[in-house]
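Below you'll find the structure, written out as structure tokens, and then a few comments.
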Amino acid sequence: MSAGEARTSERLFAHGKGEPMRRKIMILGMRRAGKSSMCKVVFQSYQPNDTLFLPPTARTQTFETEAFQRLEICDVPGSALLQIKLGASKTDAESSTSLHIAWTETSAVVFVVDAQDDYLDAVSKLKEVLLIAYAQNPKIHFHVFIHKVDGLSDDYKYDIQRDVEQRVYEELIDASHDFTTASGEPAHLDADVNIRFHLTSVFNPSVTVAFSRIQQRLMQSDDASSHESNAENSAGSTAPAMISLFDAIESACNALCSICHLEKAFVFDIQSRTYIGCDSSPFDAPLFDVMYEYAGFLMQFVTLYSHIPREQEASKTAYNPADRAYAASSVRLGSDTSLACWRLSDQLALIVTIRTNIHITNSGIIDYNVSIFRHTIELLRGLASPSPS
């Protein structure tokens, strides 16, 4: 086994246990910033109003999902940030164990900033988390959720986002003077740190969109790192560059939209209502809101049919996945536009917008193409969460 293959195997499987490793996403932030509320709304299907009086988080809570990738989301208590002590050098930062987080095993960090509170202390703590985590894992992804923007005007919430971004980048520029990389070269943290900002609220799908984009970034970065390892081991070869899983899903959605004349297509994780991919047409927030509500409406009927035995169990015959009848649904948004949904697996669904007349007159050929698309997504899902050999 080559060095690159060994690194890939170590990355995909958890310490010899023979099962794919769960990628960790750490949720950090000051107390009462809304971390637990967003996790329960997205991953436990809580109603937003039911989270208003949640007790403070006393210990780290873990949420797991494996609709496409195997993810472990850790909600860290806000009180843990009060113990952070950042040293003046990288060595001091590495020795800090106040959060007891294995940064080298963390794929992404979400830092939640309360937009309705004084966020200066939060930005200061964010800087400390950035330096500690980046010192140990330069490939880690950072996502800043500027949270609780519901009720704020568009101008005001975008002003807050710009102010937070400016302050964070200024802090990174200042910290670059005392920070050195592993190779001993001067650091440019404002350019080197992989950080993104999102406006979020539990009272609309914005927090779901933000978590969706985190998953998509992980799919892109994971494949990019493995491809870099392969490139190092095959220097001088003329092998074509490989695309990421996210790009592959996007290409499959583009092909389906082109063949079936769909206007927009999303592949949803049914339970969390996050989306793992979509076609390359511009993202339409109001349209996504409608799809999000439609997915939630369909979820209410899933348990009604959970007790019905599958045909292969009733007949005691061998089960062929190609013979399984997957659920499908459609609804008209107006006289000329419809929403349609097809189950792709127990965890995934395809939701699209399509012209009503096209859907009515070409339903057979569309269902056939969706079955091919379903098979493609299952193959890609096998690459995202491979089975142990």
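Scheme for the structure tokens: letters A, B, ... for chains in order shown; per-chain residue numbers from 1; ligand numbers from 1 in order shown.
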- Which residues come within 8 Å of stretch 213-217 of chain A, counting only C-alpha atoms, excluding same-chain residues fewer than 6 positions away, as a list in words? Ala108, His143, Phe246, Ile276 and Gly277 of chain A
- Those in stretch 145-199 of chain A with alpha helix (DSSP H) from DSSP, as a PyMOL selection string: chain A and resi 154-176+189-192
- Shell of 9 Å around stretch 288-298 of chain A, only C-alpha atoms, local chain residues under 4 positions omitted, as a ChimeraX atom specification: /A:204-206,209,266,268,270-271,273-274,283-284,302,329,339,341,349,351-353
Export, as a PDB file, in the first residue's frame, the selected residues with C-alpha atoms.
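Output (selection_0.pdb):
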```pdb
ATOM      1  CA  ASN A 204     -36.764  30.735   8.745  1.00  0.00           C
ATOM      2  CA  PRO A 205     -34.782  28.211   6.675  1.00  0.00           C
ATOM      3  CA  SER A 206     -31.595  30.333   6.723  1.00  0.00           C
ATOM      4  CA  VAL A 209     -29.211  26.617   4.270  1.00  0.00           C
ATOM      5  CA  PHE A 266     -32.553  19.909  -4.840  1.00  0.00           C
ATOM      6  CA  PHE A 268     -32.710  16.884   0.382  1.00  0.00           C
ATOM      7  CA  ILE A 270     -35.350  14.333   4.594  1.00  0.00           C
ATOM      8  CA  GLN A 271     -34.889  14.361   8.362  1.00  0.00           C
ATOM      9  CA  ARG A 273     -34.277  19.223   5.499  1.00  0.00           C
ATOM     10  CA  THR A 274     -30.756  20.304   4.607  1.00  0.00           C
ATOM     11  CA  PHE A 283     -30.084  29.929  -5.698  1.00  0.00           C
ATOM     12  CA  ASP A 284     -33.569  31.343  -5.151  1.00  0.00           C
ATOM     13  CA  VAL A 302     -43.809   9.201   6.803  1.00  0.00           C
ATOM     14  CA  SER A 329     -45.719  13.329  -4.648  1.00  0.00           C
ATOM     15  CA  LEU A 339     -43.507  21.007  -7.104  1.00  0.00           C
ATOM     16  CA  CYS A 341     -40.897  15.030  -4.913  1.00  0.00           C
ATOM     17  CA  ALA A 349     -35.420  12.907  -1.560  1.00  0.00           C
ATOM     18  CA  ILE A 351     -37.603  17.933  -4.871  1.00  0.00           C
ATOM     19  CA  VAL A 352     -37.961  19.914  -8.098  1.00  0.00           C
ATOM     20  CA  THR A 353     -39.953  22.696  -9.707  1.00  0.00           C
TER      21      THR A 353
END
```
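Straight-line separation from atom CA of A:Leu380 to atom CA of A:Ser45: 26.4 Å.
Those residues that approach A:Phe63 to within 12 Å, counting only C-alpha atoms, are Arg22, Arg23, Lys24, Ile25, Met26, Ile27, Ser36, Met38, Cys39, Lys40, Val41, Val42, Phe43, Gln44, Arg70, Leu71, Glu72, Ile73, Cys74, Asp75, Val76 and Ser272 of chain A; same-chain residues fewer than 6 positions away are not listed.
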Limited to C-alpha atoms, could you put the picked residues into a file as an mmCIF file, in the first residue's frame?
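Result file follows (out06.cif):
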```
data_model
loop_
_atom_site.group_PDB
_atom_site.id
_atom_site.type_symbol
_atom_site.label_atom_id
_atom_site.label_comp_id
_atom_site.auth_asym_id
_atom_site.auth_seq_id
_atom_site.Cartn_x
_atom_site.Cartn_y
_atom_site.Cartn_z
ATOM 1 C CA ARG A 22 -17.797 10.371 11.325
ATOM 2 C CA ARG A 23 -16.665 13.864 10.422
ATOM 3 C CA LYS A 24 -16.938 16.212 13.390
ATOM 4 C CA ILE A 25 -18.531 19.648 13.322
ATOM 5 C CA MET A 26 -18.040 21.654 16.533
ATOM 6 C CA ILE A 27 -20.691 24.265 17.452
ATOM 7 C CA SER A 36 -28.723 24.438 21.098
ATOM 8 C CA MET A 38 -30.481 25.721 16.019
ATOM 9 C CA CYS A 39 -29.245 22.162 16.540
ATOM 10 C CA LYS A 40 -32.614 20.999 17.850
ATOM 11 C CA VAL A 41 -34.540 22.751 15.062
ATOM 12 C CA VAL A 42 -32.344 21.330 12.294
ATOM 13 C CA PHE A 43 -31.454 17.874 13.608
ATOM 14 C CA GLN A 44 -34.349 17.029 15.956
ATOM 15 C CA ARG A 70 -21.503 10.413 8.292
ATOM 16 C CA LEU A 71 -21.475 13.565 10.433
ATOM 17 C CA GLU A 72 -21.208 14.158 14.164
ATOM 18 C CA ILE A 73 -22.365 17.617 15.291
ATOM 19 C CA CYS A 74 -21.162 18.585 18.779
ATOM 20 C CA ASP A 75 -22.962 21.392 20.653
ATOM 21 C CA VAL A 76 -20.365 22.700 23.108
ATOM 22 C CA SER A 272 -32.961 17.638 8.721
#
```
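Atom CA of A:Ser335 is positioned 22.2 Å from atom CA of A:Ser258.
Atom CA of A:His261 lies 13.6 Å from atom CA of A:Asp336.
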- Item | Distance query A:Arg167 at most 9 Å, only C-alpha atoms, self and fewer than 4 positions along chain excluded, as a PyMOL selection string | chain A and resi 120+123+162-163+171-172
- Shell around A:Trp342 at 10 Å using only C-alpha atoms, local window under 4 positions removed, as a PyMOL selection string: chain A and resi 267+326-330+348-352+367+370-371+374
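Each of A:His177, A:Arg59, A:Lys157, A:Arg31 was checked against A:Ala122 using only C-alpha atoms; the smallest atom-to-atom distance is that of A:Arg31.
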- Item | Spatial neighbours of A:Lys148, 10 Å, only C-alpha atoms, chain gap at least 3 places, as a PyMOL selection string | chain A and resi 33-34+112-117+145+151-152+157+199-203+207
